>>> print(open('entry30.txt').read())   # compact mmCIF, C-alpha atoms and all ligand atoms
# COMPACT_ATOMS: atom_id res chain seq x y z
CA MET A 1 37.46 65.30 55.43
CA ASN A 2 37.59 68.98 56.52
CA ASP A 3 38.37 71.52 53.80
CA PRO A 4 41.86 70.20 53.08
CA TRP A 5 43.11 73.48 51.61
CA PHE A 6 44.44 76.43 53.57
CA GLU A 7 44.89 79.99 52.39
CA VAL A 8 48.06 80.63 50.39
CA GLY A 9 48.75 84.21 49.33
CA ASP A 10 51.49 85.55 47.10
CA LEU A 11 54.17 82.87 46.71
CA SER A 12 56.00 84.47 43.80
CA ASP A 13 59.29 84.73 45.73
CA ILE A 14 59.26 81.11 46.95
CA PRO A 15 61.28 78.73 44.77
CA SER A 16 59.58 75.41 44.03
CA PRO A 17 59.28 72.63 44.91
CA ALA A 18 58.85 73.59 48.56
CA LEU A 19 56.94 72.71 51.70
CA LEU A 20 54.33 75.18 52.99
CA ILE A 21 53.06 74.82 56.56
CA ASP A 22 50.03 76.52 58.06
CA GLU A 23 51.11 77.11 61.67
CA ALA A 24 47.58 77.67 63.00
CA ARG A 25 46.56 74.24 61.70
CA VAL A 26 49.62 72.61 63.31
CA ARG A 27 48.69 74.19 66.63
CA SER A 28 45.05 73.17 66.36
CA ASN A 29 45.98 69.57 65.37
CA LEU A 30 48.26 69.30 68.39
CA ALA A 31 45.63 70.74 70.72
CA ARG A 32 43.14 68.26 69.32
CA MET A 33 45.62 65.42 69.87
CA VAL A 34 45.93 66.40 73.54
CA GLY A 35 42.13 66.60 73.79
CA ILE A 36 41.57 63.11 72.33
CA ALA A 37 44.24 61.64 74.64
CA GLY A 38 42.56 63.24 77.64
CA GLY A 39 45.68 65.24 78.57
CA VAL A 40 49.41 65.23 77.97
CA ASP A 41 50.14 62.46 80.50
CA ASN A 42 48.55 59.96 78.12
CA LEU A 43 50.46 61.17 75.08
CA ARG A 44 53.81 60.13 73.63
CA PRO A 45 53.53 61.43 70.05
CA HIS A 46 55.92 60.14 67.41
CA ILE A 47 58.14 62.88 65.99
CA LYS A 48 58.91 61.01 62.76
CA THR A 49 56.26 63.00 60.90
CA HIS A 50 57.84 66.44 61.40
CA LYS A 51 61.50 65.99 62.49
CA MET A 52 61.58 69.70 63.33
CA PRO A 53 62.79 71.56 66.45
CA ALA A 54 60.15 74.27 65.86
CA VAL A 55 57.33 71.73 66.14
CA LEU A 56 58.97 70.18 69.21
CA ALA A 57 58.93 73.67 70.77
CA ILE A 58 55.17 73.96 70.19
CA LYS A 59 54.69 70.53 71.76
CA ARG A 60 56.69 71.65 74.79
CA GLU A 61 54.53 74.81 75.04
CA LEU A 62 51.51 72.51 75.25
CA GLY A 63 53.15 70.57 78.08
CA ILE A 64 54.01 67.46 76.04
CA ASP A 65 57.26 66.10 77.49
CA LYS A 66 57.35 62.53 76.15
CA CYS A 67 57.78 61.36 72.59
CA LYS A 68 58.75 58.52 70.33
CA ALA A 69 61.64 58.82 67.88
CA ALA A 70 62.56 56.54 64.99
CA THR A 71 66.29 57.33 64.73
CA PHE A 72 69.19 58.59 66.82
CA GLU A 73 68.93 61.98 65.07
CA GLU A 74 65.27 62.27 65.96
CA ALA A 75 66.00 61.29 69.57
CA ARG A 76 68.78 63.91 69.71
CA ILE A 77 66.56 66.81 68.60
CA ALA A 78 63.83 65.67 70.99
CA LEU A 79 66.25 65.75 73.94
CA ASP A 80 67.66 69.10 72.82
CA ALA A 81 64.10 70.48 72.73
CA GLY A 82 63.62 69.50 76.38
CA MET A 83 61.68 66.25 76.03
CA ALA A 84 62.09 64.47 79.36
CA ASP A 85 61.30 60.95 78.20
CA VAL A 86 62.16 59.75 74.70
CA LEU A 87 61.41 56.28 73.39
CA LEU A 88 63.76 55.40 70.54
CA ALA A 89 61.35 52.95 68.94
CA LYS A 90 63.78 50.37 67.64
CA GLN A 91 65.83 47.54 69.09
CA PRO A 92 69.49 48.62 69.30
CA VAL A 93 71.84 46.28 67.44
CA GLY A 94 75.52 46.38 66.41
CA PRO A 95 77.24 49.71 67.18
CA ASP A 96 73.93 51.26 68.30
CA ILE A 97 74.24 49.42 71.61
CA ALA A 98 77.34 51.45 72.52
CA ARG A 99 75.94 54.64 70.91
CA LEU A 100 72.99 54.63 73.32
CA ALA A 101 75.28 56.09 75.99
CA GLU A 102 75.54 59.29 73.86
CA LEU A 103 71.81 59.85 74.29
CA GLY A 104 71.80 59.53 78.09
CA SER A 105 69.36 58.15 80.60
CA ASP A 106 66.20 59.94 79.42
CA VAL A 107 65.98 57.52 76.50
CA SER A 108 64.33 54.08 76.43
CA VAL A 109 64.57 51.53 73.63
CA LEU A 110 62.69 48.48 72.37
CA VAL A 111 63.72 44.90 72.91
CA ASP A 112 62.25 41.70 71.46
CA ASP A 113 65.31 39.44 71.40
CA ALA A 114 66.84 37.57 74.35
CA GLY A 115 70.41 37.99 73.02
CA ILE A 116 69.99 41.77 72.75
CA ALA A 117 68.38 41.90 76.21
CA ARG A 118 71.51 40.24 77.61
CA ALA A 119 73.84 42.50 75.57
CA LEU A 120 72.36 45.81 76.74
CA PRO A 121 74.04 47.51 79.73
CA SER A 122 72.24 46.83 83.00
CA GLY A 123 69.78 49.56 83.89
CA THR A 124 68.93 50.31 80.23
CA LYS A 125 65.28 51.41 80.07
CA VAL A 126 63.36 49.13 77.75
CA PHE A 127 59.88 48.46 76.44
CA VAL A 128 59.21 44.93 75.22
CA ASP A 129 58.06 45.17 71.61
CA ILE A 130 54.87 43.21 70.92
CA ASP A 131 53.73 42.07 67.47
CA LEU A 132 49.94 42.13 67.31
CA GLY A 133 49.79 40.88 63.73
CA MET A 134 51.62 43.51 61.71
CA ALA A 135 54.62 41.17 61.39
CA ARG A 136 57.19 43.96 61.29
CA SER A 137 58.94 43.81 64.65
CA GLY A 138 58.27 42.49 68.12
CA VAL A 139 57.23 39.14 69.54
CA PRO A 140 53.68 37.79 69.59
CA PRO A 141 52.14 38.32 73.05
CA GLU A 142 52.29 34.59 73.76
CA ARG A 143 56.12 34.65 73.48
CA ALA A 144 56.56 37.89 75.40
CA PRO A 145 56.74 36.43 78.97
CA ALA A 146 60.09 34.81 78.13
CA ILE A 147 61.53 38.10 76.84
CA ILE A 148 60.18 40.03 79.81
CA ALA A 149 61.76 37.50 82.19
CA THR A 150 65.11 37.61 80.33
CA ALA A 151 65.17 41.41 80.36
CA GLN A 152 64.34 41.50 84.07
CA ALA A 153 67.00 38.88 84.85
CA ALA A 154 69.53 40.93 82.85
CA ASP A 155 68.77 43.84 85.19
CA LEU A 156 67.23 46.03 82.50
CA ALA A 157 64.64 48.55 83.64
CA VAL A 158 61.57 47.03 82.00
CA ARG A 159 59.12 49.92 81.77
CA GLY A 160 56.34 48.27 79.84
CA LEU A 161 55.13 47.15 76.44
CA HIS A 162 55.27 48.74 73.01
CA LEU A 163 52.53 47.89 70.53
CA TYR A 164 52.49 49.31 67.04
CA ASP A 165 49.29 48.14 65.40
CA GLY A 166 49.50 49.81 62.00
CA HIS A 167 47.74 46.81 60.43
CA ILE A 168 44.54 47.79 62.27
CA HIS A 169 43.40 50.42 59.81
CA GLN A 170 39.81 49.63 58.92
CA SER A 171 38.07 52.77 57.68
CA ASP A 172 34.92 51.89 59.62
CA LEU A 173 35.43 52.68 63.31
CA THR A 174 33.25 49.78 64.52
CA GLU A 175 35.30 47.28 62.52
CA ARG A 176 38.54 48.94 63.66
CA ARG A 177 37.39 48.71 67.28
CA ALA A 178 36.55 44.99 66.95
CA ALA A 179 40.04 44.22 65.59
CA PHE A 180 41.60 46.40 68.29
CA ASP A 181 39.68 44.73 71.15
CA GLN A 182 40.66 41.30 69.87
CA ALA A 183 44.34 42.32 69.74
CA MET A 184 44.33 43.94 73.17
CA ALA A 185 42.78 40.86 74.77
CA ARG A 186 46.10 39.14 73.98
CA VAL A 187 48.05 41.91 75.71
CA ASP A 188 46.13 42.11 79.00
CA PRO A 189 47.56 38.86 80.49
CA LEU A 190 51.10 40.31 80.16
CA LEU A 191 50.49 43.34 82.36
CA PRO A 192 50.85 41.59 85.76
CA LEU A 193 54.39 40.53 84.73
CA ILE A 194 55.70 44.12 84.93
CA ASP A 195 55.62 46.56 87.87
CA SER A 196 53.45 49.64 87.12
CA PRO A 197 53.53 48.90 83.39
CA VAL A 198 53.35 51.56 80.72
CA VAL A 199 51.67 50.47 77.48
CA VAL A 200 52.77 52.61 74.54
CA GLY A 201 50.32 51.93 71.76
CA GLY A 202 49.28 52.72 68.27
CA GLY A 203 49.60 55.24 65.51
CA SER A 204 46.77 57.38 64.18
CA PRO A 205 44.10 54.82 63.19
CA THR A 206 43.88 53.30 66.69
CA PHE A 207 44.64 56.55 68.52
CA PRO A 208 41.06 57.11 69.81
CA LEU A 209 40.89 53.48 70.95
CA HIS A 210 44.16 53.56 72.89
CA ALA A 211 43.01 56.94 74.27
CA GLU A 212 39.84 55.36 75.66
CA ARG A 213 41.97 52.82 77.49
CA ALA A 214 44.26 55.58 78.75
CA LYS A 215 41.33 57.56 80.14
CA ASN A 216 39.75 54.53 81.83
CA SER A 217 42.89 52.83 83.18
CA SER A 218 43.64 52.09 86.83
CA ALA A 219 46.40 53.94 88.67
CA GLU A 220 48.78 50.96 88.30
CA ILE A 221 48.75 50.81 84.48
CA ARG A 222 49.49 53.77 82.23
CA TYR A 223 48.51 53.79 78.57
CA GLU A 224 50.33 56.24 76.31
CA CYS A 225 49.16 57.01 72.78
CA SER A 226 51.77 57.51 70.10
CA PRO A 227 50.25 58.96 66.93
CA GLY A 228 52.58 60.93 64.67
CA THR A 229 50.76 61.94 61.50
CA PRO A 230 48.02 64.14 63.09
CA VAL A 231 50.46 67.03 63.55
CA PHE A 232 50.42 67.60 59.76
CA TRP A 233 47.80 65.08 58.55
CA ASP A 234 47.70 63.99 54.93
CA TRP A 235 45.38 63.07 52.07
CA GLY A 236 45.68 59.33 52.65
CA TYR A 237 44.61 59.35 56.30
CA GLY A 238 42.08 62.16 55.75
CA HIS A 239 40.18 59.97 53.31
CA CYS A 240 40.52 56.67 55.16
CA PHE A 241 39.62 57.85 58.65
CA PRO A 242 36.67 60.27 58.63
CA ASP A 243 36.33 59.85 62.42
CA LEU A 244 39.71 61.54 62.89
CA ASP A 245 39.02 65.19 62.41
CA PHE A 246 42.53 66.60 61.91
CA GLN A 247 43.35 69.22 59.30
CA CYS A 248 45.90 69.04 56.48
CA ALA A 249 48.57 71.50 57.57
CA VAL A 250 51.21 70.97 54.88
CA HIS A 251 51.06 71.68 51.16
CA VAL A 252 53.77 71.09 48.58
CA LEU A 253 54.28 74.08 46.30
CA GLY A 254 55.08 73.35 42.66
CA ARG A 255 54.95 75.16 39.31
CA VAL A 256 53.98 74.26 35.78
CA ILE A 257 57.34 73.81 34.05
CA SER A 258 55.97 72.58 30.71
CA LYS A 259 52.69 71.96 28.93
CA PRO A 260 53.01 68.96 26.64
CA ALA A 261 49.31 69.05 25.59
CA ALA A 262 46.29 71.32 26.05
CA ASP A 263 44.96 69.19 28.93
CA THR A 264 48.35 68.09 30.34
CA VAL A 265 50.80 69.86 32.63
CA CYS A 266 54.25 68.94 33.83
CA LEU A 267 54.95 70.12 37.40
CA ASP A 268 58.25 70.24 39.29
CA ILE A 269 56.89 68.02 42.10
CA GLY A 270 58.93 64.87 41.42
CA SER A 271 59.75 62.10 43.85
CA LYS A 272 62.45 64.36 45.30
CA ALA A 273 59.64 66.60 46.62
CA VAL A 274 56.83 64.18 47.49
CA ALA A 275 57.18 60.66 48.86
CA PRO A 276 56.98 57.96 46.20
CA ASP A 277 56.08 55.14 48.59
CA PRO A 278 52.31 55.07 48.02
CA PRO A 279 50.99 53.80 44.69
CA ILE A 280 50.11 56.54 42.19
CA PRO A 281 48.64 59.10 42.80
CA ARG A 282 51.15 60.29 45.41
CA ILE A 283 49.85 63.83 45.72
CA VAL A 284 46.50 65.53 45.10
CA VAL A 285 46.97 68.91 43.41
CA ARG A 286 44.46 71.68 44.02
CA GLY A 287 42.33 72.27 40.92
CA LEU A 288 43.54 68.98 39.43
CA GLU A 289 41.93 66.65 41.97
CA GLY A 290 40.55 64.21 39.37
CA ALA A 291 43.53 64.37 37.00
CA ALA A 292 45.37 61.24 35.91
CA THR A 293 49.05 60.92 36.85
CA LEU A 294 50.89 60.05 33.62
CA VAL A 295 54.41 60.30 35.02
CA HIS A 296 55.89 60.65 38.48
CA ASN A 297 59.65 60.37 38.57
CA GLU A 298 62.54 62.17 40.23
CA GLU A 299 61.86 65.73 39.08
CA HIS A 300 58.59 65.57 37.16
CA LEU A 301 54.89 65.07 37.79
CA VAL A 302 52.77 64.96 34.65
CA LEU A 303 49.02 65.35 35.18
CA LYS A 304 46.29 65.09 32.56
CA GLY A 305 42.77 66.41 33.11
CA GLN A 306 40.36 69.24 32.37
CA GLY A 307 41.85 71.25 35.27
CA ALA A 308 45.06 71.57 33.27
CA VAL A 309 43.44 73.38 30.33
CA PRO A 310 43.51 76.96 31.75
CA LEU A 311 47.00 76.57 33.23
CA ALA A 312 50.10 78.22 31.75
CA VAL A 313 53.79 77.56 32.12
CA GLY A 314 55.00 79.23 35.33
CA ASP A 315 51.70 78.96 37.22
CA PRO A 316 52.09 77.98 40.90
CA LEU A 317 50.03 75.10 42.29
CA VAL A 318 49.76 73.42 45.67
CA GLY A 319 49.18 69.77 46.49
CA ILE A 320 48.67 67.56 49.53
CA PRO A 321 50.81 64.40 49.76
CA ILE A 322 49.08 61.06 50.20
CA HIS A 323 51.78 60.16 52.75
CA ILE A 324 53.28 63.07 54.65
CA CYS A 325 55.96 61.51 56.91
CA PRO A 326 58.41 60.42 54.19
CA THR A 327 57.71 63.64 52.25
CA ILE A 328 59.06 65.90 54.99
CA HIS A 329 62.63 64.57 55.10
CA LEU A 330 62.99 65.19 51.36
CA HIS A 331 63.16 68.90 52.29
CA SER A 332 65.73 70.68 54.46
CA SER A 333 63.29 73.43 55.46
CA ALA A 334 59.68 74.53 55.15
CA TRP A 335 58.00 77.92 54.66
CA VAL A 336 55.58 78.75 57.45
CA LEU A 337 52.39 80.68 56.67
CA GLU A 338 50.07 82.73 58.84
CA LYS A 339 46.79 83.64 57.17
CA GLY A 340 48.34 82.81 53.81
CA LYS A 341 51.41 84.98 54.30
CA VAL A 342 54.92 83.52 54.56
CA VAL A 343 56.28 84.58 57.94
CA ARG A 344 59.25 82.34 58.69
CA GLN A 345 61.08 79.11 57.86
CA TRP A 346 61.32 75.95 59.95
CA GLN A 347 64.32 73.64 59.54
CA VAL A 348 63.95 69.88 59.11
CA THR A 349 67.01 68.93 61.14
CA ALA A 350 66.52 65.18 61.79
CA ARG A 351 66.38 64.04 58.18
CA ARG A 352 68.03 60.67 58.91
C1 LIG A 401 56.32 52.57 65.82
C2 LIG A 401 55.44 53.66 65.33
N1 LIG A 401 54.71 54.36 66.23
C3 LIG A 401 53.88 55.35 65.86
C4 LIG A 401 53.76 55.70 64.52
C5 LIG A 401 52.84 56.83 64.14
O1 LIG A 401 51.76 56.35 63.39
P1 LIG A 401 50.86 57.28 62.47
O2 LIG A 401 51.73 57.73 61.35
O3 LIG A 401 49.75 56.38 62.04
O4 LIG A 401 50.39 58.41 63.29
C6 LIG A 401 54.47 54.99 63.55
C7 LIG A 401 54.33 55.29 62.13
O5 LIG A 401 54.88 54.71 61.25
C8 LIG A 401 55.35 53.94 63.97
O6 LIG A 401 56.08 53.23 63.10
>>> encode(input="entry30.txt", output="structure tokens", more="lines below")
Ligand SMILES: Cc1ncc(COP(=O)(O)O)c(C=O)c1O
Amino acid sequence: MNDPWFEVGDLSDIPSPALLIDEARVRSNLARMVGIAGGVDNLRPHIKTHKMPAVLAIKRELGIDKCKAATFEEARIALDAGMADVLLAKQPVGPDIARLAELGSDVSVLVDDAGIARALPSGTKVFVDIDLGMARSGVPPERAPAIIATAQAADLAVRGLHLYDGHIHQSDLTERRAAFDQAMARVDPLLPLIDSPVVVGGGSPTFPLHAERAKNSSAEIRYECSPGTPVFWDWGYGHCFPDLDFQCAVHVLGRVISKPAADTVCLDIGSKAVAPDPPIPRIVVRGLEGAATLVHNEEHLVLKGQGAVPLAVGDPLVGIPIHICPTIHLHSSAWVLEKGKVVRQWQVTARR
């Protein structure tokens, strides 16, 4: 992994816990994303990682005008930021079917169920959701022709296929590629069933592999890559995927709030400030990289290790979350740094 730490200057006025964002790293991660994809046409980044209008504005500056969103709130801020083509990456059910009208015609949704395909208003733009083995949502490719036919017969605008292959996450790129090629061989026979199909694929681990397809595709088929995490990157992906050279752009600021033993500190970075979904450790704190996590609960993080010995109550520390996406919506705003200096705040507006 690149040097994960960025410069942080005087933070004495910033209450903790808080998010710190290095804007230059965000910009360079996004530029790198565009480079790997081979241009913005092949890119439909997921906005679930940041959920912030300010980051959407940077994406627009770079010419990115398509995105994926996980929720109605995310789709709303994407449209408000000027995204021309938003894929709300879930199948609408219950009241969401009627609520789609609020978002307008620049939004597409997923479908994997014949009953929902028949219930959606005619003309709704859809991608058929394909399950390549993750077993979360979608139909296996072999059952997709029936859903495609039902959606077409129901007069939906079938734009293409959606493949989220988060289970393909081998650290070794050769092994990852082998699993990817095997999965994609099951998708290829579906493409002739749709006019000018768009294949929206992947998150970060398979991003370079979907990007290769995008760069080598024929004019009739468009591949769009949908990574989300690279905008901020995190400790988990940085360590698992050395081939993906993004930089950690977000730190969580905390302070020592108590010192229960000479080699043990209690920080204010509880699970309200850093996502508790990965197993412990959930954050790597600078200077305490090898420390053992003794406690991580709502308001407290207790770390034990030699790095704690010189620390005193009140000392500020920064850490990098293992999993960044669910860390961001725990905060309503973030402090933005340029060359270590706090220059502005960005709001996290789509927290649900
Ligand atoms: C459907 C979908 N697409 C894209 C992504 C982005 O993946 P990543 O976080 O690996 O960049 C996710 C992440 O959870 C996702 O659920």
>>> closest_residue(input="entry30.txt", among="A:Val200, A:Ala275, A:Ile322, A:Met184", to="ligand LIG 401 (chain A)", atoms="only C-alpha atoms and all ligand atoms")
A:Val200
>>> residues_near_ligand(input="entry30.txt", ligand="ligand LIG 401 (chain A)", cutoff="6 Å", atoms="only C-alpha atoms and all ligand atoms", output="list in words")
His46, Ala89, Tyr164, Gly202, Gly203, Ser204, Pro205, Ser226, Pro227, Gly228 and Thr229 of chain A
>>> write_last_selection(input="entry30.txt", atoms="C-alpha atoms", output="PDB file, in the coordinates of the input")
ATOM      1  CA  HIS A  46      55.920  60.140  67.410  1.00  0.00           C
ATOM      2  CA  ALA A  89      61.350  52.950  68.940  1.00  0.00           C
ATOM      3  CA  TYR A 164      52.490  49.310  67.040  1.00  0.00           C
ATOM      4  CA  GLY A 202      49.280  52.720  68.270  1.00  0.00           C
ATOM      5  CA  GLY A 203      49.600  55.240  65.510  1.00  0.00           C
ATOM      6  CA  SER A 204      46.770  57.380  64.180  1.00  0.00           C
ATOM      7  CA  PRO A 205      44.100  54.820  63.190  1.00  0.00           C
ATOM      8  CA  SER A 226      51.770  57.510  70.100  1.00  0.00           C
ATOM      9  CA  PRO A 227      50.250  58.960  66.930  1.00  0.00           C
ATOM     10  CA  GLY A 228      52.580  60.930  64.670  1.00  0.00           C
ATOM     11  CA  THR A 229      50.760  61.940  61.500  1.00  0.00           C
TER      12      THR A 229
END
>>> residues_around(input="entry30.txt", residues="Glu212 (chain A)", least_positions_apart="2", cutoff="12 Å", atoms="all atoms listed in the file", output="mmCIF file with C-alpha atoms, in the frame of the given file")
data_model
loop_
_atom_site.group_PDB
_atom_site.id
_atom_site.type_symbol
_atom_site.label_atom_id
_atom_site.label_comp_id
_atom_site.auth_asym_id
_atom_site.auth_seq_id
_atom_site.Cartn_x
_atom_site.Cartn_y
_atom_site.Cartn_z
ATOM 1 C CA GLY A 35 42.130 66.600 73.790
ATOM 2 C CA ILE A 36 41.570 63.110 72.330
ATOM 3 C CA ALA A 37 44.240 61.640 74.640
ATOM 4 C CA GLY A 38 42.560 63.240 77.640
ATOM 5 C CA GLY A 39 45.680 65.240 78.570
ATOM 6 C CA ASN A 42 48.550 59.960 78.120
ATOM 7 C CA ARG A 177 37.390 48.710 67.280
ATOM 8 C CA PHE A 180 41.600 46.400 68.290
ATOM 9 C CA ASP A 181 39.680 44.730 71.150
ATOM 10 C CA GLY A 201 50.320 51.930 71.760
ATOM 11 C CA THR A 206 43.880 53.300 66.690
ATOM 12 C CA PHE A 207 44.640 56.550 68.520
ATOM 13 C CA PRO A 208 41.060 57.110 69.810
ATOM 14 C CA LEU A 209 40.890 53.480 70.950
ATOM 15 C CA HIS A 210 44.160 53.560 72.890
ATOM 16 C CA ALA A 214 44.260 55.580 78.750
ATOM 17 C CA LYS A 215 41.330 57.560 80.140
ATOM 18 C CA ASN A 216 39.750 54.530 81.830
ATOM 19 C CA SER A 217 42.890 52.830 83.180
ATOM 20 C CA ARG A 222 49.490 53.770 82.230
ATOM 21 C CA TYR A 223 48.510 53.790 78.570
ATOM 22 C CA GLU A 224 50.330 56.240 76.310
ATOM 23 C CA CYS A 225 49.160 57.010 72.780
#
>>> residues_around(input="entry30.txt", residues="region 120-126 of chain A", least_positions_apart="3", cutoff="10 Å", atoms="all atoms listed in the file", output="short mmCIF file (atom, residue, chain, number, x, y, z; two decimals) with C-alpha atoms, in the frame of the given file")
data_model
loop_
_atom_site.label_atom_id
_atom_site.label_comp_id
_atom_site.auth_asym_id
_atom_site.auth_seq_id
_atom_site.Cartn_x
_atom_site.Cartn_y
_atom_site.Cartn_z
CA LEU A 87 61.41 56.28 73.39
CA LEU A 88 63.76 55.40 70.54
CA ALA A 89 61.35 52.95 68.94
CA GLN A 91 65.83 47.54 69.09
CA PRO A 92 69.49 48.62 69.30
CA VAL A 93 71.84 46.28 67.44
CA ILE A 97 74.24 49.42 71.61
CA ALA A 98 77.34 51.45 72.52
CA LEU A 100 72.99 54.63 73.32
CA ALA A 101 75.28 56.09 75.99
CA GLY A 104 71.80 59.53 78.09
CA SER A 105 69.36 58.15 80.60
CA ASP A 106 66.20 59.94 79.42
CA VAL A 107 65.98 57.52 76.50
CA SER A 108 64.33 54.08 76.43
CA VAL A 109 64.57 51.53 73.63
CA LEU A 110 62.69 48.48 72.37
CA VAL A 111 63.72 44.90 72.91
CA ASP A 112 62.25 41.70 71.46
CA GLY A 115 70.41 37.99 73.02
CA ILE A 116 69.99 41.77 72.75
CA ALA A 117 68.38 41.90 76.21
CA ASP A 129 58.06 45.17 71.61
CA ILE A 148 60.18 40.03 79.81
CA ALA A 151 65.17 41.41 80.36
CA GLN A 152 64.34 41.50 84.07
CA ALA A 153 67.00 38.88 84.85
CA ALA A 154 69.53 40.93 82.85
CA ASP A 155 68.77 43.84 85.19
CA LEU A 156 67.23 46.03 82.50
CA ALA A 157 64.64 48.55 83.64
CA VAL A 158 61.57 47.03 82.00
CA ARG A 159 59.12 49.92 81.77
CA GLY A 160 56.34 48.27 79.84
CA LEU A 161 55.13 47.15 76.44
CA HIS A 162 55.27 48.74 73.01
#
>>> atom_distance(input="entry30.txt", atom1="CA of Pro141 (chain A)", atom2="CA of Pro197 (chain A)")
14.9 Å
>>> residues_around(input="entry30.txt", residues="Ser16 (chain A)", least_positions_apart="5", cutoff="8 Å", atoms="all atoms listed in the file", output="tab-separated table (two decimals) with C-alpha atoms, in the coordinates of the input")
chain	number	residue	atom	x	y	z
A	253	LEU	CA	54.28	74.08	46.30
A	254	GLY	CA	55.08	73.35	42.66
A	255	ARG	CA	54.95	75.16	39.31
A	268	ASP	CA	58.25	70.24	39.29
>>> atom_distance(input="entry30.txt", atom1="CA of Val313 (chain A)", atom2="CA of Ala261 (chain A)")
11.6 Å
>>> axis_aligned_box(input="entry30.txt", around="region 101-113 of chain A", padding_each_side="4 Å", output="JSON")
{"center_x": 68.9, "center_y": 49.7, "center_z": 76.0, "size_x": 21.3, "size_y": 28.5, "size_z": 17.2}
>>> closest_residue(input="entry30.txt", among="A:Val265, A:Ala273, A:Ala57, A:Lys90", to="Ile320 (chain A)", atoms="all atoms listed in the file")
A:Ala273
